[in-house]
$ cat start_26.cif   # mmCIF, C-alpha atoms
data_query
loop_
_atom_site.label_atom_id
_atom_site.label_comp_id
_atom_site.auth_asym_id
_atom_site.auth_seq_id
_atom_site.Cartn_x
_atom_site.Cartn_y
_atom_site.Cartn_z
CA MET C 1 116.06 98.32 158.25
CA ASN C 2 113.61 97.06 155.63
CA PHE C 3 114.60 97.41 151.99
CA ILE C 4 112.90 96.51 148.74
CA VAL C 5 115.00 95.83 145.67
CA VAL C 6 113.04 95.82 142.40
CA GLY C 7 114.91 93.98 139.66
CA CYS C 8 117.16 90.99 140.25
CA GLY C 9 119.73 91.43 137.51
CA ARG C 10 123.41 91.68 138.30
CA VAL C 11 123.06 94.97 140.15
CA GLY C 12 119.90 93.92 142.00
CA ALA C 13 121.34 90.57 143.10
CA GLU C 14 124.58 92.16 144.29
CA LEU C 15 122.77 94.98 146.09
CA ALA C 16 120.34 92.60 147.78
CA TYR C 17 123.22 90.49 149.06
CA HIS C 18 125.13 93.53 150.33
CA LEU C 19 122.08 94.78 152.24
CA PHE C 20 121.43 91.31 153.62
CA ARG C 21 125.04 90.99 154.80
CA GLY C 22 124.65 94.39 156.42
CA GLY C 23 121.98 92.85 158.65
CA HIS C 24 118.92 94.31 156.91
CA GLN C 25 115.59 92.79 155.94
CA VAL C 26 115.56 92.56 152.15
CA VAL C 27 112.82 91.67 149.67
CA VAL C 28 113.88 91.24 146.03
CA VAL C 29 111.16 91.57 143.39
CA ASP C 30 111.46 90.34 139.81
CA SER C 31 108.88 89.31 137.22
CA ASN C 32 111.05 86.41 136.15
CA LYS C 33 111.73 83.87 138.88
CA GLU C 34 114.79 82.54 137.03
CA ALA C 35 116.41 85.87 137.89
CA PHE C 36 116.63 84.83 141.55
CA ASN C 37 119.27 82.26 140.53
CA ARG C 38 121.67 85.19 140.36
CA LEU C 39 121.42 85.71 144.12
CA HIS C 40 124.34 84.63 146.27
CA PRO C 41 123.76 81.14 147.71
CA ASP C 42 124.04 82.58 151.25
CA PHE C 43 121.31 85.19 150.65
CA ARG C 44 118.52 84.67 153.18
CA GLY C 45 116.23 87.57 152.30
CA ARG C 46 112.82 87.16 150.65
CA THR C 47 112.26 86.78 146.93
CA LEU C 48 108.96 87.76 145.34
CA GLU C 49 107.94 86.95 141.79
CA GLY C 50 105.77 89.68 140.26
CA GLU C 51 105.55 92.97 138.40
CA GLY C 52 107.05 95.87 140.31
CA LEU C 53 104.14 98.11 139.35
CA ALA C 54 101.35 95.90 140.65
CA GLU C 55 99.84 97.22 143.87
CA SER C 56 99.44 93.70 145.26
CA VAL C 57 103.11 92.93 144.63
CA LEU C 58 104.33 96.11 146.31
CA GLU C 59 102.02 95.48 149.26
CA ARG C 60 103.25 91.91 149.63
CA ALA C 61 106.82 93.17 149.44
CA GLY C 62 105.96 95.21 152.54
CA ILE C 63 106.21 98.65 150.98
CA ARG C 64 104.21 100.18 153.84
CA GLU C 65 106.94 99.23 156.29
CA ALA C 66 109.89 99.79 153.95
CA ASP C 67 112.67 102.19 154.92
CA GLY C 68 114.00 102.36 151.38
CA LEU C 69 113.49 101.11 147.86
CA ALA C 70 115.91 100.58 144.99
CA ALA C 71 114.59 100.31 141.42
CA VAL C 72 117.42 98.60 139.57
CA THR C 73 115.90 96.82 136.56
CA ASN C 74 117.47 97.28 133.13
CA SER C 75 114.61 99.56 132.03
CA ASP C 76 115.13 103.22 132.90
CA THR C 77 111.47 104.02 132.40
CA LEU C 78 110.35 101.22 134.68
CA ASN C 79 112.89 102.26 137.32
CA ALA C 80 111.66 105.85 137.20
CA VAL C 81 108.01 104.81 137.44
CA VAL C 82 108.57 102.31 140.28
CA ALA C 83 110.66 104.84 142.21
CA HIS C 84 108.10 107.61 141.71
CA THR C 85 105.34 105.22 142.83
CA ALA C 86 107.20 104.53 146.08
CA ILE C 87 107.55 108.26 146.73
CA ALA C 88 104.17 109.54 145.52
CA PHE C 89 101.91 106.70 146.69
CA TYR C 90 103.77 105.45 149.78
CA ASN C 91 105.75 108.47 150.98
CA ILE C 92 109.05 106.62 151.00
CA SER C 93 111.77 109.25 150.94
CA ASN C 94 114.76 106.94 150.62
CA VAL C 95 114.47 105.84 147.00
CA VAL C 96 117.16 105.25 144.39
CA ALA C 97 116.66 104.53 140.69
CA ARG C 98 119.31 102.92 138.55
CA ASN C 99 120.15 104.60 135.28
CA TYR C 100 120.85 101.86 132.75
CA ASP C 101 121.04 103.66 129.41
CA PRO C 102 122.96 106.95 129.75
CA ASN C 103 120.78 108.40 126.94
CA LEU C 104 117.72 108.04 129.17
CA ARG C 105 119.16 109.58 132.29
CA ALA C 106 117.04 112.68 131.64
CA VAL C 107 113.89 110.62 132.21
CA ILE C 108 114.98 109.71 135.73
CA GLU C 109 116.13 113.26 136.42
CA ALA C 110 112.76 114.62 135.29
CA PHE C 111 111.19 112.73 138.20
CA GLY C 112 113.70 114.34 140.55
CA LEU C 113 115.04 110.97 141.62
CA GLN C 114 118.35 109.99 143.16
CA THR C 115 120.06 107.96 140.50
CA VAL C 116 123.13 105.84 139.99
CA GLY C 117 124.26 105.19 136.45
CA SER C 118 126.59 102.25 136.59
CA THR C 119 127.32 102.37 132.87
CA TYR C 120 128.27 106.03 132.85
CA TRP C 121 130.05 105.89 136.18
CA GLY C 122 131.98 102.73 135.26
CA ALA C 123 133.05 104.14 131.91
CA GLN C 124 134.20 107.35 133.59
CA ARG C 125 136.29 105.51 136.18
CA VAL C 126 137.89 103.27 133.55
CA GLU C 127 138.69 106.33 131.45
CA GLU C 128 140.33 108.02 134.44
CA LEU C 129 142.48 105.02 135.21
CA LEU C 130 143.49 104.64 131.59
CA MET C 131 144.42 108.28 131.30
CA ASN C 132 146.39 108.41 134.51
CA PRO C 133 147.06 105.25 136.48
CA SER C 134 148.51 107.16 139.47
CA GLN C 135 145.39 109.25 140.10
CA LYS C 136 143.37 108.06 143.02
CA ALA C 137 139.76 109.13 143.42
CA VAL C 138 138.81 108.89 147.09
CA TYR C 139 135.27 110.21 146.89
CA SER C 140 132.80 110.36 144.07
CA ALA C 141 129.90 112.85 144.08
CA GLY C 142 126.73 112.42 142.04
CA ASN C 143 127.58 110.08 139.21
CA GLY C 144 131.26 110.88 139.23
CA GLU C 145 130.98 114.29 137.61
CA VAL C 146 132.93 115.69 140.56
CA GLU C 147 135.38 113.59 142.53
CA VAL C 148 137.86 114.15 145.31
CA TYR C 149 141.32 113.00 144.28
CA GLU C 150 144.46 112.24 146.21
CA MET C 151 147.57 113.62 144.53
CA LEU C 152 151.18 113.06 145.62
CA ILE C 153 153.34 116.19 145.40
CA PRO C 154 156.43 115.33 143.35
CA GLU C 155 159.91 116.67 143.91
CA ASN C 156 159.70 119.27 141.17
CA TRP C 157 157.05 121.16 143.18
CA ASN C 158 158.98 121.09 146.46
CA GLU C 159 159.02 124.55 148.14
CA HIS C 160 156.50 126.03 145.68
CA THR C 161 153.20 127.42 146.97
CA LEU C 162 149.83 125.83 146.45
CA GLY C 163 148.82 129.09 144.74
CA ASP C 164 151.50 128.53 142.09
CA LEU C 165 150.33 125.00 141.50
CA LEU C 166 146.66 125.88 141.11
CA ASP C 167 147.20 129.25 139.42
CA SER C 168 144.34 129.89 136.95
CA LEU C 169 143.47 126.20 136.95
CA LYS C 170 139.75 125.74 136.30
CA GLN C 171 137.41 123.12 137.77
CA CYS C 172 139.81 122.17 140.55
CA TYR C 173 139.72 123.19 144.24
CA PRO C 174 142.01 122.16 147.11
CA VAL C 175 140.22 120.53 150.06
CA ALA C 176 143.03 119.17 152.27
CA LEU C 177 146.80 118.86 152.51
CA SER C 178 148.33 115.99 154.51
CA ARG C 179 151.89 116.03 155.68
CA ALA C 180 153.31 113.22 157.81
CA GLY C 181 149.83 111.84 158.39
CA ARG C 182 148.38 115.16 159.57
CA ALA C 183 145.84 116.96 157.45
CA SER C 184 145.12 120.68 157.34
CA LEU C 185 143.05 123.05 155.27
CA PRO C 186 145.63 124.57 152.98
CA GLU C 187 145.98 128.24 152.09
CA MET C 188 147.08 129.40 148.67
CA SER C 189 150.26 130.63 150.36
CA THR C 190 151.03 127.20 151.89
CA LYS C 191 154.39 125.88 150.73
CA LEU C 192 154.30 122.37 149.31
CA LYS C 193 156.83 119.69 150.20
CA THR C 194 157.79 116.57 148.32
CA GLY C 195 155.62 113.68 149.50
CA ASP C 196 152.70 115.86 150.65
CA VAL C 197 149.33 114.42 149.82
CA LEU C 198 146.99 117.00 148.32
CA ASN C 199 143.25 116.35 148.09
CA VAL C 200 141.46 118.27 145.42
CA SER C 201 137.82 118.36 144.45
CA SER C 202 137.72 118.35 140.68
CA THR C 203 135.98 117.49 137.47
CA PHE C 204 137.51 115.16 134.93
CA GLU C 205 138.90 118.10 132.94
CA GLY C 206 140.24 119.79 136.05
CA ILE C 207 142.14 116.76 137.26
CA GLY C 208 143.62 116.26 133.79
CA ALA C 209 145.01 119.79 133.83
CA LEU C 210 146.35 119.40 137.39
CA THR C 211 148.02 116.09 136.56
CA ALA C 212 149.69 117.66 133.54
CA ARG C 213 150.93 120.54 135.67
CA LEU C 214 152.29 118.30 138.43
CA SER C 215 154.42 116.39 135.97
CA LYS C 216 155.92 119.62 134.61
CA LYS C 217 158.61 121.50 136.40
CA ALA C 218 157.40 124.54 138.27
CA GLU C 219 158.42 127.83 136.74
CA ALA C 220 160.78 129.64 138.98
CA MET T 221 94.50 121.06 117.81
CA PHE T 222 98.02 119.58 117.95
CA VAL T 223 98.17 116.09 119.41
CA LEU T 224 101.29 114.08 120.10
CA ILE T 225 100.70 110.35 120.05
CA ALA T 226 103.18 107.91 121.55
CA GLY T 227 103.00 104.37 120.26
CA GLY T 228 102.38 103.34 116.69
CA GLY T 229 100.53 100.08 117.25
CA ARG T 230 96.98 99.61 116.04
CA THR T 231 95.54 102.07 118.55
CA GLY T 232 98.06 104.82 117.85
CA ALA T 233 97.87 104.45 114.07
CA ARG T 234 94.07 104.42 114.10
CA LEU T 235 93.93 107.47 116.34
CA ALA T 236 96.39 109.32 114.12
CA ASN T 237 94.22 108.61 111.10
CA LEU T 238 91.04 109.76 112.85
CA LEU T 239 92.64 113.01 113.95
CA ILE T 240 94.25 113.72 110.59
CA ASN T 241 90.87 113.25 108.91
CA GLN T 242 89.47 115.90 111.24
CA ASN T 243 92.28 118.24 110.16
CA HIS T 244 94.15 118.14 113.45
CA LYS T 245 97.92 118.38 113.56
CA VAL T 246 99.38 115.03 114.63
CA ARG T 247 102.82 113.75 115.52
CA LEU T 248 103.29 110.07 116.23
CA VAL T 249 106.43 109.01 118.10
CA GLU T 250 107.56 105.42 117.75
CA ASN T 251 110.92 103.66 117.98
CA ARG T 252 110.16 100.06 117.12
CA ARG T 253 111.64 99.41 113.67
CA GLU T 254 109.13 96.73 112.74
CA LEU T 255 106.23 99.13 113.34
CA LEU T 256 107.82 102.10 111.63
CA SER T 257 107.82 100.51 108.19
CA LEU T 258 104.12 99.66 108.58
CA LEU T 259 103.34 103.18 109.76
CA HIS T 260 104.99 104.69 106.72
CA GLN T 261 102.50 102.82 104.57
CA GLU T 262 99.55 104.17 106.54
CA LEU T 263 100.43 107.72 107.51
CA PRO T 264 102.02 110.78 105.89
CA THR T 265 105.78 110.88 106.48
CA GLU T 266 105.70 114.24 108.28
CA VAL T 267 103.46 112.76 110.98
CA ILE T 268 105.88 110.00 111.99
CA TYR T 269 108.69 110.79 114.36
CA GLU T 270 111.27 108.13 115.06
CA GLY T 271 112.57 107.93 118.61
CA ASN T 272 112.02 106.83 122.18
CA PRO T 273 108.78 108.43 123.43
CA VAL T 274 110.16 109.06 126.93
CA ASP T 275 113.41 110.72 125.86
CA PRO T 276 112.95 114.45 126.64
CA SER T 277 115.21 115.48 123.76
CA ILE T 278 113.08 113.47 121.31
CA LEU T 279 109.89 114.96 122.74
CA GLU T 280 111.31 118.45 122.47
CA ALA T 281 112.28 117.82 118.84
CA ALA T 282 108.87 116.36 118.07
CA GLY T 283 107.35 119.65 119.23
CA LEU T 284 105.74 118.57 122.49
CA ARG T 285 106.09 122.11 123.85
CA ASP T 286 103.37 123.24 121.45
CA ALA T 287 101.07 120.24 121.82
CA HIS T 288 97.54 120.66 123.21
CA ALA T 289 97.27 117.03 124.20
CA VAL T 290 99.30 113.85 124.57
CA ALA T 291 97.93 110.39 123.89
CA ALA T 292 100.22 107.80 125.51
CA VAL T 293 99.02 104.60 123.85
CA THR T 294 102.09 102.37 123.72
CA SER T 295 101.80 98.76 124.85
CA ASN T 296 104.09 99.49 127.80
CA ASP T 297 102.41 100.92 130.90
CA SER T 298 105.55 102.41 132.43
CA ILE T 299 106.28 104.30 129.20
CA ASN T 300 102.70 105.62 129.14
CA LEU T 301 102.97 106.76 132.77
CA ALA T 302 106.39 108.35 132.39
CA LEU T 303 105.31 110.18 129.24
CA CYS T 304 102.26 111.74 130.92
CA PHE T 305 104.44 112.83 133.83
CA LEU T 306 107.07 114.39 131.55
CA ALA T 307 104.45 116.00 129.32
CA LYS T 308 103.00 117.99 132.21
CA SER T 309 106.04 118.53 134.40
CA MET T 310 108.53 119.48 131.66
CA PHE T 311 106.39 120.59 128.72
CA ASP T 312 103.21 122.02 130.33
CA VAL T 313 100.94 120.03 128.03
CA PRO T 314 97.33 120.88 129.03
CA ARG T 315 95.85 117.40 128.64
CA THR T 316 97.20 113.86 128.97
CA ILE T 317 95.41 110.68 128.01
CA ALA T 318 96.94 107.28 128.68
CA ARG T 319 96.16 103.73 127.76
CA VAL T 320 96.28 101.12 130.51
CA ASN T 321 97.50 97.80 129.13
CA ASN T 322 97.55 95.70 132.26
CA PRO T 323 94.48 96.25 134.47
CA ASN T 324 96.73 95.56 137.51
CA ASN T 325 98.53 98.83 136.75
CA ALA T 326 95.36 100.93 136.50
CA TRP T 327 95.78 102.21 140.08
CA LEU T 328 98.80 104.29 139.03
CA PHE T 329 97.06 106.20 136.25
CA ASN T 330 96.02 109.31 138.13
CA GLU T 331 97.20 112.80 139.05
CA LYS T 332 100.31 111.42 140.77
CA PHE T 333 101.62 110.61 137.31
CA HIS T 334 99.81 113.62 135.78
CA VAL T 335 97.37 111.38 133.90
CA ASP T 336 94.15 113.31 133.16
CA VAL T 337 92.29 110.45 131.53
CA ALA T 338 93.08 106.75 131.73
CA LEU T 339 91.58 104.31 129.31
CA ASN T 340 91.78 100.73 130.34
CA SER T 341 91.31 98.97 127.01
CA ALA T 342 90.70 95.48 128.39
CA ASP T 343 88.24 96.85 130.93
CA VAL T 344 86.36 99.07 128.47
CA LEU T 345 86.00 96.24 125.98
CA ALA T 346 84.92 93.75 128.64
CA HIS T 347 82.25 96.13 129.90
CA LEU T 348 80.94 96.82 126.42
CA ILE T 349 80.66 93.10 125.74
CA GLN T 350 78.97 92.52 129.06
CA GLU T 351 76.53 95.32 128.30
CA GLU T 352 75.73 93.96 124.87
CA MET T 353 74.93 90.60 126.43
CA SER T 354 72.82 91.83 129.30
CA LEU T 355 70.89 94.76 127.87
CA GLY T 356 69.04 93.11 125.02
CA ASP T 357 67.94 95.62 122.40
CA MET T 358 69.18 98.69 124.17
CA MET T 359 71.55 100.67 122.02
CA THR T 360 74.16 103.00 123.42
CA ILE T 361 74.16 106.27 121.45
CA PHE T 362 77.14 107.73 123.23
CA LYS T 363 79.03 107.59 126.48
CA VAL T 364 79.74 110.42 128.85
CA ARG T 365 82.29 110.77 131.65
CA ARG T 366 84.64 108.10 130.31
CA GLY T 367 81.89 105.58 129.90
CA LEU T 368 80.46 106.03 133.39
CA TYR T 369 77.12 107.24 131.98
CA ALA T 370 75.49 106.58 128.66
CA VAL T 371 72.78 107.98 126.46
CA VAL T 372 70.76 104.97 125.32
CA GLU T 373 67.95 104.27 122.92
CA GLU T 374 65.49 101.42 123.18
CA LYS T 375 62.27 100.28 121.57
CA VAL T 376 59.45 99.26 123.92
CA PRO T 377 58.38 95.70 123.05
CA GLU T 378 54.81 94.37 123.32
CA GLY T 379 54.00 93.21 126.82
CA ALA T 380 56.99 94.88 128.52
CA LYS T 381 56.63 95.37 132.27
CA GLY T 382 56.99 99.18 132.02
CA ILE T 383 54.04 99.75 129.64
CA GLY T 384 51.30 101.92 131.15
CA MET T 385 53.32 102.71 134.25
CA PRO T 386 53.82 106.46 134.93
CA LEU T 387 57.53 107.25 134.55
CA LYS T 388 57.70 108.63 138.09
CA ASP T 389 56.68 105.23 139.49
CA MET T 390 59.35 103.30 137.65
CA GLY T 391 61.89 103.75 140.45
CA LEU T 392 64.51 105.10 138.09
CA ALA T 393 64.97 108.50 139.69
CA GLU T 394 68.50 108.13 140.97
CA TYR T 395 69.98 106.38 137.99
CA CYS T 396 68.14 107.22 134.84
CA VAL T 397 66.13 109.95 133.14
CA ILE T 398 63.91 109.24 130.17
CA ALA T 399 64.59 112.29 128.04
CA ALA T 400 62.41 111.65 125.00
CA ILE T 401 59.63 109.38 123.80
CA ILE T 402 59.27 108.92 120.06
CA ARG T 403 55.81 107.69 119.12
CA ASP T 404 54.79 107.30 115.46
CA GLY T 405 57.75 109.39 114.44
CA VAL T 406 56.84 112.30 116.75
CA MET T 407 59.11 113.14 119.66
CA THR T 408 57.64 114.27 122.97
CA LEU T 409 59.46 115.33 126.11
CA PRO T 410 57.89 113.24 128.84
CA ARG T 411 56.75 114.34 132.31
CA GLY T 412 56.58 112.23 135.43
CA ASP T 413 53.02 111.11 134.71
CA SER T 414 53.71 110.19 131.07
CA THR T 415 53.37 106.51 130.23
CA LEU T 416 54.93 104.27 127.62
CA GLN T 417 53.15 102.32 124.92
CA ALA T 418 54.31 99.33 122.96
CA ASN T 419 56.50 100.25 119.98
CA ASP T 420 57.49 103.62 121.49
CA GLU T 421 61.15 104.42 121.15
CA ILE T 422 62.77 106.08 124.11
CA ILE T 423 66.00 107.96 124.65
CA ALA T 424 67.40 107.96 128.18
CA VAL T 425 70.47 109.13 130.08
CA ALA T 426 71.55 106.38 132.46
CA SER T 427 74.24 105.14 134.80
CA PRO T 428 75.11 101.43 134.44
CA GLU T 429 72.62 100.57 137.23
CA GLY T 430 69.99 102.75 135.57
CA ALA T 431 70.50 101.11 132.20
CA GLN T 432 70.14 97.73 133.87
CA LYS T 433 66.87 98.74 135.59
CA LEU T 434 65.54 100.27 132.42
CA ALA T 435 66.39 97.14 130.48
CA GLU T 436 64.42 95.06 132.99
CA LEU T 437 61.36 97.30 132.63
CA LEU T 438 61.52 97.19 128.86
CA ALA T 439 62.48 93.54 128.41
CA PHE T 440 60.45 91.10 126.39
CA PRO T 441 57.98 89.50 128.81
CA ASN T 442 59.46 86.12 128.01
CA TYR T 443 63.04 86.11 127.12
CA PRO T 444 63.33 83.64 124.26
CA THR T 445 64.68 80.46 125.83
CA ARG T 446 67.16 78.40 123.94
CA ASP T 447 66.03 74.93 123.13
CA ARG T 448 68.88 72.53 123.75
CA ASN T 449 67.03 69.52 122.31
CA LYS T 450 66.61 71.27 119.02
CA ARG T 451 70.32 71.44 118.47
CA SER T 452 71.00 67.79 119.20
CA ALA T 453 68.10 66.63 117.01
#

$ encode --input "start_26.cif" --output "structure tokens"
Amino acid sequence: MNFIVVGCGRVGAELAYHLFRGGHQVVVVDSNKEAFNRLHPDFRGRTLEGEGLAESVLERAGIREADGLAAVTNSDTLNAVVAHTAIAFYNISNVVARNYDPNLRAVIEAFGLQTVGSTYWGAQRVEELLMNPSQKAVYSAGNGEVEVYEMLIPENWNEHTLGDLLDSLKQCYPVALSRAGRASLPEMSTKLKTGDVLNVSSTFEGIGALTARLSKKAEA
Amino acid sequence: MFVLIAGGGRTGARLANLLINQNHKVRLVENRRELLSLLHQELPTEVIYEGNPVDPSILEAAGLRDAHAVAAVTSNDSINLALCFLAKSMFDVPRTIARVNNPNNAWLFNEKFHVDVALNSADVLAHLIQEEMSLGDMMTIFKVRRGLYAVVEEKVPEGAKGIGMPLKDMGLAEYCVIAAIIRDGVMTLPRGDSTLQANDEIIAVASPEGAQKLAELLAFPNYPTRDRNKRSA
């Protein structure tokens, strides 16, 4: 597929290389040609020096044939405007804008764009790991507001039901229970066993409450 | 009228002053520290609002929901575009006016970014200068349709090509209408068979092509040539 990456900072350079390694045609655009020094030495995609808003630059980058565009500069406003340009002027549906400053995320959202906020997302993940090193997030939705976690059932919850474990717990839903490598959709009446792996879909607050409960002894 | 201005550079500050003098309500949003201290010297404190002009929470606090118009005149084209888009899509502002800094970005300033009026400062200035150079004594009274048409005034010099020629034969029809002839201080509304005399003043509505044609008809018969030898002597 053909992809355009606007902005060759750390995120842009890494993304361009990933796409290239995935066998795609990649054009990286940046107004500062020094920025292309950040690209991996094995990168064999195209680089294009120019402003991401100039019609001639977008045309030369092949926007008419592009399957997707990523606007990943360190300006949220520029990312929003470049992404909206790709959608509104060129009908590209597969467009992602990077959110750089979490305070400006609302700008990108106002355009209705798909966005990835590496600052916010990174901070959230680090916080999670600091708060509970044993928690393992296996899937992250949106910008990490909701994640699917893998939790190991400890001995103190052996033979208790899932309903007991999740009783009146907010912001936390069970999605799968794996026992001996076999997963099933659990019922609230399902009895837990030590060593079961429970997947829950949860917010940060929800998983905190569940973690606290798992470490406590179940009330008989 | 309540106008929110984004960008406190020379354009924004000047505009704020003009509007305040006409008793309009003005808010100017700016976040560059170095400009803010200058603005405080020029404008009343209640007009200046410190913050990022694309941050919806700042715009809300600055009262954009009640604004009748937004003037996005920062020196950053993507900010100007994003602001117009937000103003209409989130705040239902009836009218958006944006400054184009880089002529290469002018193509984006349209309804797709909810820009009602785009003013390309470099382009406007360049055209005005070009006009001043090419149109001799013609004076633009005012512009209409964003500078596409103009109402112009010009004095008819002795010996001009257009003297004595009925207006209908001047070949101006598509581009230019001569709306008034002022002769010895008396204004007449001309008809197609009216003719011009030397020292008449005329007022015309013209497109750029029309103004050009009119200027040719009313030019001095011999444009004063510059004598190069004179200067070196």

$ interface_residues --input "start_26.cif" --of "chain C" --to "chain T" --cutoff "7 Å" --atoms "all atoms listed in the file" --output "list in words"
Leu53, Ala54, Thr77, Leu78, Val81, Ala88, Leu104, Ala106, Val107 and Ala110 of chain C

$ residues_around --input "start_26.cif" --residues "region 192-202 of chain C" --least-positions-apart "6" --cutoff "7 Å" --atoms "all atoms listed in the file" --output "compact mmCIF listing (two decimals) with C-alpha atoms, keeping the file's coordinate frame"
# COMPACT_ATOMS: atom_id res chain seq x y z
CA VAL C 146 132.93 115.69 140.56
CA GLU C 147 135.38 113.59 142.53
CA VAL C 148 137.86 114.15 145.31
CA TYR C 149 141.32 113.00 144.28
CA GLU C 150 144.46 112.24 146.21
CA MET C 151 147.57 113.62 144.53
CA LEU C 152 151.18 113.06 145.62
CA ILE C 153 153.34 116.19 145.40
CA PRO C 154 156.43 115.33 143.35
CA GLU C 155 159.91 116.67 143.91
CA TRP C 157 157.05 121.16 143.18
CA ASN C 158 158.98 121.09 146.46
CA GLU C 159 159.02 124.55 148.14
CA HIS C 160 156.50 126.03 145.68
CA THR C 161 153.20 127.42 146.97
CA LEU C 162 149.83 125.83 146.45
CA GLN C 171 137.41 123.12 137.77
CA CYS C 172 139.81 122.17 140.55
CA TYR C 173 139.72 123.19 144.24
CA PRO C 174 142.01 122.16 147.11
CA VAL C 175 140.22 120.53 150.06
CA ALA C 176 143.03 119.17 152.27
CA LEU C 177 146.80 118.86 152.51
CA SER C 178 148.33 115.99 154.51
CA ARG C 179 151.89 116.03 155.68

$ atom_distance --input "start_26.cif" --atom1 "CA of Arg253 (chain T)" --atom2 "CA of Met221 (chain T)"
27.9 Å

$ closest_residue --input "start_26.cif" --among "C:Asp164, C:Tyr90, C:Thr190, C:Glu128" --to "Ile207 (chain C)" --atoms "only C-alpha atoms"
C:Glu128

$ resolve_selection --input "start_26.cif" --expression "the PyMOL selection byres ((chain C and resi 95) around 12)" --output "number ranges by chain"
C: 3-6, 63, 66-72, 79-88, 90-94, 96-98, 108, 111-116

$ resolve_selection --input "start_26.cif" --expression "the PyMOL selection byres ((chain T and resi 268) around 12)" --output "short mmCIF file (atom, residue, chain, number, x, y, z; two decimals) with C-alpha atoms, keeping the file's coordinate frame"
data_model
loop_
_atom_site.label_atom_id
_atom_site.label_comp_id
_atom_site.auth_asym_id
_atom_site.auth_seq_id
_atom_site.Cartn_x
_atom_site.Cartn_y
_atom_site.Cartn_z
CA LEU T 224 101.29 114.08 120.10
CA ILE T 225 100.70 110.35 120.05
CA ALA T 226 103.18 107.91 121.55
CA GLY T 227 103.00 104.37 120.26
CA GLY T 228 102.38 103.34 116.69
CA GLY T 232 98.06 104.82 117.85
CA ALA T 233 97.87 104.45 114.07
CA ALA T 236 96.39 109.32 114.12
CA ASN T 237 94.22 108.61 111.10
CA LYS T 245 97.92 118.38 113.56
CA VAL T 246 99.38 115.03 114.63
CA ARG T 247 102.82 113.75 115.52
CA LEU T 248 103.29 110.07 116.23
CA VAL T 249 106.43 109.01 118.10
CA GLU T 250 107.56 105.42 117.75
CA ASN T 251 110.92 103.66 117.98
CA ARG T 252 110.16 100.06 117.12
CA LEU T 255 106.23 99.13 113.34
CA LEU T 256 107.82 102.10 111.63
CA SER T 257 107.82 100.51 108.19
CA LEU T 258 104.12 99.66 108.58
CA LEU T 259 103.34 103.18 109.76
CA HIS T 260 104.99 104.69 106.72
CA GLN T 261 102.50 102.82 104.57
CA GLU T 262 99.55 104.17 106.54
CA LEU T 263 100.43 107.72 107.51
CA PRO T 264 102.02 110.78 105.89
CA THR T 265 105.78 110.88 106.48
CA GLU T 266 105.70 114.24 108.28
CA VAL T 267 103.46 112.76 110.98
CA TYR T 269 108.69 110.79 114.36
CA GLU T 270 111.27 108.13 115.06
CA GLY T 271 112.57 107.93 118.61
CA PRO T 273 108.78 108.43 123.43
CA ALA T 282 108.87 116.36 118.07
#

$ axis_aligned_box --input "start_26.cif" --around "region 71-78 of chain C" --padding-each-side "6 Å" --output "lines of an AutoDock Vina configuration file"
center_x = 113.9
center_y = 100.4
center_z = 136.7
size_x = 19.1
size_y = 19.2
size_z = 21.4

$ atom_distance --input "start_26.cif" --atom1 "CA of Val28 (chain C)" --atom2 "CA of Arg64 (chain C)"
15.3 Å

$ resolve_selection --input "start_26.cif" --expression "the PyMOL selection byres ((chain T and resi 341) around 12)" --output "MDAnalysis selection string"
chainID T and resid 231 293:295 297 318:323 326 338:340 342:348 366:367

$ residues_around --input "start_26.cif" --residues "region 391-402 of chain T" --least-positions-apart "6" --cutoff "8 Å" --atoms "only C-alpha atoms" --output "VMD selection string"
chain T and resid 408 to 410 416 420 to 431 433 to 434

$ write_last_selection --input "start_26.cif" --atoms "C-alpha atoms" --output "short mmCIF file (atom, residue, chain, number, x, y, z; two decimals), in the frame of the given file"
data_model
loop_
_atom_site.label_atom_id
_atom_site.label_comp_id
_atom_site.auth_asym_id
_atom_site.auth_seq_id
_atom_site.Cartn_x
_atom_site.Cartn_y
_atom_site.Cartn_z
CA THR T 408 57.64 114.27 122.97
CA LEU T 409 59.46 115.33 126.11
CA PRO T 410 57.89 113.24 128.84
CA LEU T 416 54.93 104.27 127.62
CA ASP T 420 57.49 103.62 121.49
CA GLU T 421 61.15 104.42 121.15
CA ILE T 422 62.77 106.08 124.11
CA ILE T 423 66.00 107.96 124.65
CA ALA T 424 67.40 107.96 128.18
CA VAL T 425 70.47 109.13 130.08
CA ALA T 426 71.55 106.38 132.46
CA SER T 427 74.24 105.14 134.80
CA PRO T 428 75.11 101.43 134.44
CA GLU T 429 72.62 100.57 137.23
CA GLY T 430 69.99 102.75 135.57
CA ALA T 431 70.50 101.11 132.20
CA LYS T 433 66.87 98.74 135.59
CA LEU T 434 65.54 100.27 132.42
#

$ atom_distance --input "start_26.cif" --atom1 "CA of Thr73 (chain C)" --atom2 "CA of Cys8 (chain C)"
7.0 Å

$ closest_residue --input "start_26.cif" --among "C:Gly142, C:Phe43, C:Leu214, C:Lys191" --to "Tyr120 (chain C)" --atoms "all atoms listed in the file"
C:Gly142

$ closest_residue --input "start_26.cif" --among "C:Gln124, C:Ser31, C:Ser75, C:Asn103" --to "Ile278 (chain T)" --atoms "all atoms listed in the file"
C:Asn103

$ closest_residue --input "start_26.cif" --among "T:Leu284, T:Ala292, T:Leu279, T:Met358" --to "Phe329 (chain T)" --atoms "only C-alpha atoms"
T:Ala292

$ decode --input "start_26.cif" --residues "region 143-147 of chain C" --atoms "C-alpha atoms" --output "CSV table (one decimal), in the first residue's frame"
chain,number,residue,atom,x,y,z
C,143,ASN,CA,-5.7,6.2,23.7
C,144,GLY,CA,-5.6,3.7,26.6
C,145,GLU,CA,-8.7,5.0,28.3
C,146,VAL,CA,-10.0,1.4,28.2
C,147,GLU,CA,-7.7,-1.6,28.1
